[in-house]
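K.L.:
So here's final39.pdb, just PDB, C-alpha atoms:
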```pdb
ATOM      1  CA  ILE A   4      -8.032-139.147  46.041  1.00  0.00           C
ATOM      2  CA  ARG A   5     -11.632-138.192  45.357  1.00  0.00           C
ATOM      3  CA  GLU A   6     -13.511-139.770  42.472  1.00  0.00           C
ATOM      4  CA  GLY A   7     -12.941-137.912  39.211  1.00  0.00           C
ATOM      5  CA  TYR A   8      -9.393-136.879  40.141  1.00  0.00           C
ATOM      6  CA  LYS A   9      -5.931-138.378  39.664  1.00  0.00           C
ATOM      7  CA  GLN A  10      -2.470-138.014  41.181  1.00  0.00           C
ATOM      8  CA  THR A  11       0.247-136.527  38.919  1.00  0.00           C
ATOM      9  CA  GLU A  12       3.834-135.321  39.345  1.00  0.00           C
ATOM     10  CA  ILE A  13       2.505-131.852  40.228  1.00  0.00           C
ATOM     11  CA  GLY A  14      -0.365-132.947  42.461  1.00  0.00           C
ATOM     12  CA  VAL A  15      -4.009-133.961  42.180  1.00  0.00           C
ATOM     13  CA  ILE A  16      -5.849-132.824  39.037  1.00  0.00           C
ATOM     14  CA  PRO A  17      -9.183-133.685  37.362  1.00  0.00           C
ATOM     15  CA  GLU A  18      -9.103-137.024  35.502  1.00  0.00           C
ATOM     16  CA  ASP A  19      -9.715-135.462  32.089  1.00  0.00           C
ATOM     17  CA  TRP A  20      -6.888-132.919  32.499  1.00  0.00           C
ATOM     18  CA  GLU A  21      -3.331-133.754  31.414  1.00  0.00           C
ATOM     19  CA  CYS A  22       0.173-132.886  32.584  1.00  0.00           C
ATOM     20  CA  CYS A  23       2.547-132.058  29.759  1.00  0.00           C
ATOM     21  CA  VAL A  24       5.716-130.125  29.052  1.00  0.00           C
ATOM     22  CA  THR A  25       5.791-127.048  26.840  1.00  0.00           C
ATOM     23  CA  ALA A  26       7.016-128.952  23.777  1.00  0.00           C
ATOM     24  CA  GLN A  27       3.783-130.985  23.775  1.00  0.00           C
ATOM     25  CA  ILE A  28       1.605-127.894  23.268  1.00  0.00           C
ATOM     26  CA  LEU A  29       3.748-126.260  20.564  1.00  0.00           C
ATOM     27  CA  LYS A  30       3.447-126.556  16.802  1.00  0.00           C
ATOM     28  CA  LYS A  31       5.685-129.310  15.488  1.00  0.00           C
ATOM     29  CA  ASN A  32       8.370-127.264  13.733  1.00  0.00           C
ATOM     30  CA  ASP A  33      11.756-125.680  14.416  1.00  0.00           C
ATOM     31  CA  LEU A  34      10.290-122.179  14.792  1.00  0.00           C
ATOM     32  CA  SER A  35       7.657-123.045  17.403  1.00  0.00           C
ATOM     33  CA  ILE A  36       9.935-121.689  20.155  1.00  0.00           C
ATOM     34  CA  LYS A  37      12.374-118.932  19.309  1.00  0.00           C
ATOM     35  CA  ILE A  38      14.415-116.278  21.094  1.00  0.00           C
ATOM     36  CA  GLY A  39      14.811-112.854  19.478  1.00  0.00           C
ATOM     37  CA  PRO A  40      18.040-112.056  17.599  1.00  0.00           C
ATOM     38  CA  PHE A  41      21.304-111.450  19.456  1.00  0.00           C
ATOM     39  CA  GLY A  42      21.714-107.815  20.447  1.00  0.00           C
ATOM     40  CA  SER A  43      24.613-107.446  18.024  1.00  0.00           C
ATOM     41  CA  GLN A  44      22.245-108.224  15.134  1.00  0.00           C
ATOM     42  CA  LEU A  45      19.967-105.329  16.144  1.00  0.00           C
ATOM     43  CA  LYS A  46      22.373-102.576  17.178  1.00  0.00           C
ATOM     44  CA  LYS A  47      21.049 -99.004  17.107  1.00  0.00           C
ATOM     45  CA  GLU A  48      22.860 -98.276  13.860  1.00  0.00           C
ATOM     46  CA  LYS A  49      21.015-101.194  12.207  1.00  0.00           C
ATOM     47  CA  LEU A  50      17.636 -99.600  12.952  1.00  0.00           C
ATOM     48  CA  ASP A  51      15.870 -97.597  10.236  1.00  0.00           C
ATOM     49  CA  VAL A  52      13.378 -94.949  11.433  1.00  0.00           C
ATOM     50  CA  ASN A  53      11.612 -95.119   8.062  1.00  0.00           C
ATOM     51  CA  GLY A  54      11.697 -98.909   7.874  1.00  0.00           C
ATOM     52  CA  PRO A  55       8.449-100.761   7.134  1.00  0.00           C
ATOM     53  CA  TYR A  56       8.973-103.426   9.832  1.00  0.00           C
ATOM     54  CA  LYS A  57       8.621-102.872  13.577  1.00  0.00           C
ATOM     55  CA  VAL A  58      10.861-104.217  16.346  1.00  0.00           C
ATOM     56  CA  TYR A  59       8.789-105.370  19.336  1.00  0.00           C
ATOM     57  CA  GLY A  60      10.189-105.598  22.849  1.00  0.00           C
ATOM     58  CA  GLN A  61       9.340-106.000  26.517  1.00  0.00           C
ATOM     59  CA  GLU A  62       7.447-102.685  26.622  1.00  0.00           C
ATOM     60  CA  ASN A  63       4.862-104.201  24.255  1.00  0.00           C
ATOM     61  CA  VAL A  64       4.472-107.236  26.527  1.00  0.00           C
ATOM     62  CA  PHE A  65       4.396-105.317  29.830  1.00  0.00           C
ATOM     63  CA  LYS A  66       1.697-102.931  28.549  1.00  0.00           C
ATOM     64  CA  ASN A  67      -0.016-105.578  26.368  1.00  0.00           C
ATOM     65  CA  ASN A  68       0.067-102.959  23.622  1.00  0.00           C
ATOM     66  CA  PHE A  69       1.493-103.661  20.173  1.00  0.00           C
ATOM     67  CA  THR A  70       0.941-100.108  18.880  1.00  0.00           C
ATOM     68  CA  ILE A  71       3.659 -98.520  21.025  1.00  0.00           C
ATOM     69  CA  GLY A  72       7.347 -98.455  20.142  1.00  0.00           C
ATOM     70  CA  SER A  73       9.509 -96.527  17.712  1.00  0.00           C
ATOM     71  CA  ARG A  74      12.109 -99.034  16.544  1.00  0.00           C
ATOM     72  CA  PHE A  75      11.939-100.090  12.894  1.00  0.00           C
ATOM     73  CA  ILE A  76      14.071-102.035  10.446  1.00  0.00           C
ATOM     74  CA  SER A  77      14.479-102.153   6.685  1.00  0.00           C
ATOM     75  CA  GLU A  78      13.048-104.873   4.461  1.00  0.00           C
ATOM     76  CA  GLU A  79      16.584-106.207   3.975  1.00  0.00           C
ATOM     77  CA  LYS A  80      17.158-106.509   7.748  1.00  0.00           C
ATOM     78  CA  PHE A  81      13.710-108.041   8.186  1.00  0.00           C
ATOM     79  CA  THR A  82      14.535-110.709   5.575  1.00  0.00           C
ATOM     80  CA  GLU A  83      17.801-111.463   7.393  1.00  0.00           C
ATOM     81  CA  LEU A  84      15.985-111.855  10.748  1.00  0.00           C
ATOM     82  CA  ARG A  85      12.784-113.443   9.415  1.00  0.00           C
ATOM     83  CA  SER A  86      13.012-116.369  11.843  1.00  0.00           C
ATOM     84  CA  CYS A  87      12.233-113.805  14.599  1.00  0.00           C
ATOM     85  CA  GLU A  88       9.063-112.561  12.879  1.00  0.00           C
ATOM     86  CA  LEU A  89       5.880-112.296  14.930  1.00  0.00           C
ATOM     87  CA  HIS A  90       2.532-113.645  13.701  1.00  0.00           C
ATOM     88  CA  GLU A  91      -0.995-113.157  14.983  1.00  0.00           C
ATOM     89  CA  GLY A  92      -1.596-115.548  17.892  1.00  0.00           C
ATOM     90  CA  ASP A  93       2.084-115.914  18.845  1.00  0.00           C
ATOM     91  CA  ILE A  94       2.745-115.764  22.588  1.00  0.00           C
ATOM     92  CA  VAL A  95       5.721-113.577  23.497  1.00  0.00           C
ATOM     93  CA  ILE A  96       7.332-113.858  26.929  1.00  0.00           C
ATOM     94  CA  SER A  97       9.741-111.461  28.657  1.00  0.00           C
ATOM     95  CA  MET A  98      12.979-113.285  29.352  1.00  0.00           C
ATOM     96  CA  MET A  99      15.246-110.765  31.075  1.00  0.00           C
ATOM     97  CA  GLY A 100      14.812-108.919  34.362  1.00  0.00           C
ATOM     98  CA  THR A 101      11.059-109.183  34.919  1.00  0.00           C
ATOM     99  CA  ILE A 102      10.639-112.681  33.542  1.00  0.00           C
ATOM    100  CA  GLY A 103       7.476-114.518  32.634  1.00  0.00           C
ATOM    101  CA  LYS A 104       5.274-111.589  31.607  1.00  0.00           C
ATOM    102  CA  CYS A 105       3.537-112.483  28.377  1.00  0.00           C
ATOM    103  CA  ALA A 106       1.163-111.235  25.696  1.00  0.00           C
ATOM    104  CA  ILE A 107      -0.458-112.525  22.530  1.00  0.00           C
ATOM    105  CA  VAL A 108       0.247-110.840  19.194  1.00  0.00           C
ATOM    106  CA  PRO A 109      -3.146-109.370  18.196  1.00  0.00           C
ATOM    107  CA  LYS A 110      -4.980-109.586  14.873  1.00  0.00           C
ATOM    108  CA  LYS A 111      -4.070-106.013  13.982  1.00  0.00           C
ATOM    109  CA  TYR A 112      -0.372-105.278  14.339  1.00  0.00           C
ATOM    110  CA  GLN A 113       2.420-103.887  12.196  1.00  0.00           C
ATOM    111  CA  PRO A 114       4.529-106.691  10.675  1.00  0.00           C
ATOM    112  CA  GLY A 115       7.854-107.015  12.428  1.00  0.00           C
ATOM    113  CA  ILE A 116      10.203-108.976  14.627  1.00  0.00           C
ATOM    114  CA  MET A 117      10.867-109.363  18.349  1.00  0.00           C
ATOM    115  CA  ASP A 118      14.049-108.199  20.007  1.00  0.00           C
ATOM    116  CA  SER A 119      16.527-110.224  22.074  1.00  0.00           C
ATOM    117  CA  HIS A 120      14.539-109.838  25.331  1.00  0.00           C
ATOM    118  CA  LEU A 121      11.571-111.896  24.130  1.00  0.00           C
ATOM    119  CA  ILE A 122      10.849-115.573  23.526  1.00  0.00           C
ATOM    120  CA  ARG A 123       8.134-116.523  21.045  1.00  0.00           C
ATOM    121  CA  LEU A 124       5.872-119.581  21.373  1.00  0.00           C
ATOM    122  CA  ARG A 125       3.660-120.887  18.574  1.00  0.00           C
ATOM    123  CA  ILE A 126       0.926-123.016  20.087  1.00  0.00           C
ATOM    124  CA  ASP A 127      -0.577-126.117  18.461  1.00  0.00           C
ATOM    125  CA  THR A 128      -4.229-125.057  18.582  1.00  0.00           C
ATOM    126  CA  ASP A 129      -5.381-128.691  18.433  1.00  0.00           C
ATOM    127  CA  THR A 130      -3.816-129.123  21.892  1.00  0.00           C
ATOM    128  CA  ALA A 131      -4.001-125.725  23.576  1.00  0.00           C
ATOM    129  CA  ILE A 132      -5.624-122.339  23.107  1.00  0.00           C
ATOM    130  CA  PRO A 133      -3.168-119.400  23.023  1.00  0.00           C
ATOM    131  CA  ASP A 134      -5.397-117.247  25.290  1.00  0.00           C
ATOM    132  CA  PHE A 135      -5.575-120.012  27.907  1.00  0.00           C
ATOM    133  CA  THR A 136      -1.829-120.726  27.624  1.00  0.00           C
ATOM    134  CA  LYS A 137      -1.017-117.026  28.076  1.00  0.00           C
ATOM    135  CA  TYR A 138      -3.051-116.900  31.304  1.00  0.00           C
ATOM    136  CA  VAL A 139      -1.388-120.063  32.597  1.00  0.00           C
ATOM    137  CA  ILE A 140       2.106-118.699  31.922  1.00  0.00           C
ATOM    138  CA  ALA A 141       1.397-115.243  33.326  1.00  0.00           C
ATOM    139  CA  GLU A 142      -0.831-116.101  36.285  1.00  0.00           C
ATOM    140  CA  SER A 143      -0.218-119.710  37.333  1.00  0.00           C
ATOM    141  CA  GLU A 144       1.840-120.009  40.495  1.00  0.00           C
ATOM    142  CA  LEU A 145       2.961-123.443  39.232  1.00  0.00           C
ATOM    143  CA  ILE A 146       4.522-121.965  36.060  1.00  0.00           C
ATOM    144  CA  GLN A 147       5.862-118.808  37.714  1.00  0.00           C
ATOM    145  CA  GLN A 148       7.589-120.869  40.430  1.00  0.00           C
ATOM    146  CA  GLN A 149       9.119-123.203  37.832  1.00  0.00           C
ATOM    147  CA  MET A 150      10.475-120.216  35.885  1.00  0.00           C
ATOM    148  CA  LYS A 151      11.866-118.677  39.056  1.00  0.00           C
ATOM    149  CA  ASN A 152      13.536-121.944  40.093  1.00  0.00           C
ATOM    150  CA  LEU A 153      15.007-122.619  36.659  1.00  0.00           C
ATOM    151  CA  SER A 154      15.992-119.065  35.662  1.00  0.00           C
ATOM    152  CA  VAL A 155      19.651-118.219  35.513  1.00  0.00           C
ATOM    153  CA  GLY A 156      21.701-115.132  36.220  1.00  0.00           C
ATOM    154  CA  GLY A 157      23.506-113.535  39.119  1.00  0.00           C
ATOM    155  CA  ILE A 158      22.023-110.069  39.540  1.00  0.00           C
ATOM    156  CA  MET A 159      19.246-110.425  36.975  1.00  0.00           C
ATOM    157  CA  SER A 160      17.115-113.483  36.306  1.00  0.00           C
ATOM    158  CA  GLY A 161      16.847-114.712  32.735  1.00  0.00           C
ATOM    159  CA  LEU A 162      14.937-117.331  30.802  1.00  0.00           C
ATOM    160  CA  SER A 163      16.147-119.501  27.950  1.00  0.00           C
ATOM    161  CA  SER A 164      14.371-121.700  25.438  1.00  0.00           C
ATOM    162  CA  ASN A 165      15.635-124.730  27.390  1.00  0.00           C
ATOM    163  CA  ILE A 166      13.911-123.475  30.545  1.00  0.00           C
ATOM    164  CA  ILE A 167      10.676-122.802  28.671  1.00  0.00           C
ATOM    165  CA  LYS A 168      10.773-126.308  27.139  1.00  0.00           C
ATOM    166  CA  GLN A 169      10.982-127.856  30.648  1.00  0.00           C
ATOM    167  CA  LEU A 170       7.897-126.141  32.080  1.00  0.00           C
ATOM    168  CA  ILE A 171       5.145-128.510  33.194  1.00  0.00           C
ATOM    169  CA  PHE A 172       1.630-127.442  32.224  1.00  0.00           C
ATOM    170  CA  VAL A 173      -1.719-128.749  33.387  1.00  0.00           C
ATOM    171  CA  ILE A 174      -4.014-128.780  30.372  1.00  0.00           C
ATOM    172  CA  PRO A 175      -7.784-129.322  30.465  1.00  0.00           C
ATOM    173  CA  PRO A 176      -9.773-130.339  27.368  1.00  0.00           C
ATOM    174  CA  ILE A 177     -10.035-127.615  24.675  1.00  0.00           C
ATOM    175  CA  SER A 178     -13.653-126.744  25.573  1.00  0.00           C
ATOM    176  CA  GLU A 179     -12.670-126.082  29.200  1.00  0.00           C
ATOM    177  CA  GLN A 180      -9.619-124.078  28.113  1.00  0.00           C
ATOM    178  CA  GLN A 181     -11.901-121.886  26.006  1.00  0.00           C
ATOM    179  CA  ALA A 182     -14.368-121.392  28.869  1.00  0.00           C
ATOM    180  CA  ILE A 183     -11.572-120.521  31.328  1.00  0.00           C
ATOM    181  CA  ALA A 184      -9.883-118.123  28.869  1.00  0.00           C
ATOM    182  CA  THR A 185     -13.210-116.397  28.123  1.00  0.00           C
ATOM    183  CA  ALA A 186     -14.041-115.988  31.817  1.00  0.00           C
ATOM    184  CA  LEU A 187     -10.587-114.556  32.586  1.00  0.00           C
ATOM    185  CA  SER A 188     -10.765-112.232  29.573  1.00  0.00           C
ATOM    186  CA  ASP A 189     -14.175-110.964  30.732  1.00  0.00           C
ATOM    187  CA  ILE A 190     -12.749-110.288  34.209  1.00  0.00           C
ATOM    188  CA  ASP A 191      -9.747-108.446  32.673  1.00  0.00           C
ATOM    189  CA  GLY A 192     -12.159-106.351  30.593  1.00  0.00           C
ATOM    190  CA  LEU A 193     -14.176-105.469  33.691  1.00  0.00           C
ATOM    191  CA  ILE A 194     -11.034-104.553  35.655  1.00  0.00           C
ATOM    192  CA  ASN A 195      -9.794-102.365  32.787  1.00  0.00           C
ATOM    193  CA  SER A 196     -13.125-100.576  32.465  1.00  0.00           C
ATOM    194  CA  LEU A 197     -13.211 -99.878  36.213  1.00  0.00           C
TER     195      LEU A 197
END
```
Please lay out the structure from this file as structure tokens.
P.N.:
Amino acid sequence: IREGYKQTEIGVIPEDWECCVTAQILKKNDLSIKIGPFGSQLKKEKLDVNGPYKVYGQENVFKNNFTIGSRFISEEKFTELRSCELHEGDIVISMMGTIGKCAIVPKKYQPGIMDSHLIRLRIDTDTAIPDFTKYVIAESELIQQQMKNLSVGGIMSGLSSNIIKQLIFVIPPISEQQAIATALSDIDGLINSL
């Protein structure tokens, strides 16, 4: 091993980087990882076209767009399903079919909840930066392969909170995470503009 590097369970990494599981980069509370409500809790007849709260789903993640979608719920239903509420900075991951796609809830979004096809992560920002974590989940072959290997389902793959909790991350110091996330964001911006 070259100087400045160390051997870990996933291979050789820089000495100042760490291997950790998902739980180590999440906020320390019961709602730091959460799956959307069971489908039966959000049946079509429970939706309210005039409701003040939005229901977010995989289409928002796939298109990285939190303005699209036409499912809404009442304040009463929102209160009942409040544990599934989305906050700015939350990472949401697709968990059925096309698994592992993810997006970050932006600063400007309509208050609402996620549906049963999404898992929400709330990152401990003293440990990891949401933008960096999102790129690692979505683009890292290490994470994608772990999700593929651990996912369950016959015809269609699916994720669970237990699978997400088992994922092994490689985490650099916060300053490096920020630099990497900024560089990748700049590249995404350039690609989008072209």
K.L.:
Selected by the PyMOL selection byres ((chain A and resi 71-75) around 6) in the shown coordinates: which residues, as a list in words?
P.N.:
Leu50, Asp51, Val52, Gly54, Tyr56, Lys57, Val58, Phe69, Thr70 and Ile76 of chain A
K.L.:
Those selected residues, please, written with C-alpha atoms and delivered as a PDB file, keeping the file's coordinate frame.
P.N.:
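selection-v1.pdb, freshly written:
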```
ATOM      1  CA  LEU A  50      17.636 -99.600  12.952  1.00  0.00           C
ATOM      2  CA  ASP A  51      15.870 -97.597  10.236  1.00  0.00           C
ATOM      3  CA  VAL A  52      13.378 -94.949  11.433  1.00  0.00           C
ATOM      4  CA  GLY A  54      11.697 -98.909   7.874  1.00  0.00           C
ATOM      5  CA  TYR A  56       8.973-103.426   9.832  1.00  0.00           C
ATOM      6  CA  LYS A  57       8.621-102.872  13.577  1.00  0.00           C
ATOM      7  CA  VAL A  58      10.861-104.217  16.346  1.00  0.00           C
ATOM      8  CA  PHE A  69       1.493-103.661  20.173  1.00  0.00           C
ATOM      9  CA  THR A  70       0.941-100.108  18.880  1.00  0.00           C
ATOM     10  CA  ILE A  76      14.071-102.035  10.446  1.00  0.00           C
TER      11      ILE A  76
END
```
K.L.:
I need the residue nearest Leu84 of chain A from this list: A:His120, A:Tyr112, A:Pro40, A:Asn68. Use only C-alpha atoms for the distance.
P.N.:
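When distances to Leu84 of chain A are compared using only C-alpha atoms, the smallest one comes from A:Pro40.
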K.L.:
Please report as a Markdown table every residue of segment 120-162 of chain A lying within 10 Å of segment 87-93 of chain A, along with the nearest atom pair and their distance in Å (one decimal), using all atoms listed in the file.
P.N.:
```
| residue | atom | partner | partner_atom | distance |
| --- | --- | --- | --- | --- |
| A:Leu121 | CA | A:Cys87 | CA | 9.7 |
| A:Ile122 | CA | A:Cys87 | CA | 9.2 |
| A:Arg123 | CA | A:Asp93 | CA | 6.5 |
| A:Leu124 | CA | A:Asp93 | CA | 5.8 |
| A:Arg125 | CA | A:Asp93 | CA | 5.2 |
| A:Ile126 | CA | A:Asp93 | CA | 7.3 |
| A:Thr128 | CA | A:Gly92 | CA | 9.9 |
| A:Ile132 | CA | A:Gly92 | CA | 9.5 |
| A:Pro133 | CA | A:Gly92 | CA | 6.6 |
| A:Asp134 | CA | A:Gly92 | CA | 8.5 |
| A:Lys137 | CA | A:Asp93 | CA | 9.8 |
```
K.L.:
Can you pull out every residue within 10 Å of Ile102 of chain A, counting all atoms listed in the file, but drop anything in the same chain fewer than 4 positions away, and send it as a list in words?
P.N.:
Gln61, Ile96, Ser97, Met98, His120, Leu121, Ala141, Gln147, Met150, Lys151, Ser154, Met159, Ser160, Gly161 and Leu162 of chain A
K.L.:
Write to file, as a compact mmCIF listing (two decimals), keeping the file's coordinate frame, the residues of the selection just made, with C-alpha atoms.
P.N.:
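The resulting file, selection_32.txt, is shown below:
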```txt
# COMPACT_ATOMS: atom_id res chain seq x y z
CA GLN A 61 9.34 -106.00 26.52
CA ILE A 96 7.33 -113.86 26.93
CA SER A 97 9.74 -111.46 28.66
CA MET A 98 12.98 -113.28 29.35
CA HIS A 120 14.54 -109.84 25.33
CA LEU A 121 11.57 -111.90 24.13
CA ALA A 141 1.40 -115.24 33.33
CA GLN A 147 5.86 -118.81 37.71
CA MET A 150 10.48 -120.22 35.88
CA LYS A 151 11.87 -118.68 39.06
CA SER A 154 15.99 -119.06 35.66
CA MET A 159 19.25 -110.42 36.98
CA SER A 160 17.11 -113.48 36.31
CA GLY A 161 16.85 -114.71 32.74
CA LEU A 162 14.94 -117.33 30.80
```
K.L.:
From the options A:Met99, A:Val108, A:Leu197, A:Cys22, which residue's atoms come nearest to Gln10 of chain A, counting all atoms listed in the file?
P.N.:
A:Cys22
K.L.:
Which residue gives the smallest distance to Pro114 of chain A among A:Ser178, A:Ser77, A:Val24, A:Phe65, with all atoms listed in the file counted?
P.N.:
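Closest residue, counting all atoms listed in the file: A:Ser77.
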K.L.:
Work out how far atom CA of Ser86 of chain A is from atom CA of Leu34 of chain A, in Å to one decimal.
P.N.:
7.1 Å
K.L.:
As AutoDock Vina command-line options, please report the centre and edge lengths, rounded to one decimal in Å, of the axis-aligned box that holds all listed atoms of segment 111-127 of chain A with 6 Å of padding on each of the six sides.
P.N.:
```
--center_x 6.2 --center_y -115.0 --center_z 18.0 --size_x 32.6 --size_y 34.2 --size_z 26.7
```
K.L.:
Mind giving me the straight-line distance from atom CA of Cys105 of chain A to atom CA of Val64 of chain A in Å, one decimal?
P.N.:
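If I compute the distance from atom CA of Cys105 of chain A to atom CA of Val64 of chain A, I get 5.6 Å.
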K.L.:
Measuring atom to atom with only C-alpha atoms, identify which of A:Ile140, A:Ile146, A:Ala131, A:Ile167 is nearest to Glu179 of chain A.
P.N.:
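Counting only C-alpha atoms, the residue closest to Glu179 of chain A is A:Ala131.
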K.L.:
Taking the file as shown, what set of residues would the PyMOL selection byres ((chain A and resi 170) around 7) give back, as JSON, numbers by chain?
P.N.:
{"A": [24, 25, 146, 149, 166, 167, 168, 169, 171, 172]}
K.L.:
Now that the selection is made, can you save its residues with C-alpha atoms as a JSON list (two decimals), in the frame of the given file?
P.N.:
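Writing the result to result_18.json gives the following:
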```json
[["chain", "number", "residue", "atom", "x", "y", "z"],
["A", 24, "VAL", "CA", 5.72, -130.12, 29.05],
["A", 25, "THR", "CA", 5.79, -127.05, 26.84],
["A", 146, "ILE", "CA", 4.52, -121.96, 36.06],
["A", 149, "GLN", "CA", 9.12, -123.20, 37.83],
["A", 166, "ILE", "CA", 13.91, -123.48, 30.54],
["A", 167, "ILE", "CA", 10.68, -122.80, 28.67],
["A", 168, "LYS", "CA", 10.77, -126.31, 27.14],
["A", 169, "GLN", "CA", 10.98, -127.86, 30.65],
["A", 171, "ILE", "CA", 5.14, -128.51, 33.19],
["A", 172, "PHE", "CA", 1.63, -127.44, 32.22]]
```
K.L.:
What is the atom CA of Val15 of chain A to atom CA of Asn152 of chain A distance in Å?
P.N.:
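Here the two named atoms are 21.4 Å from each other.
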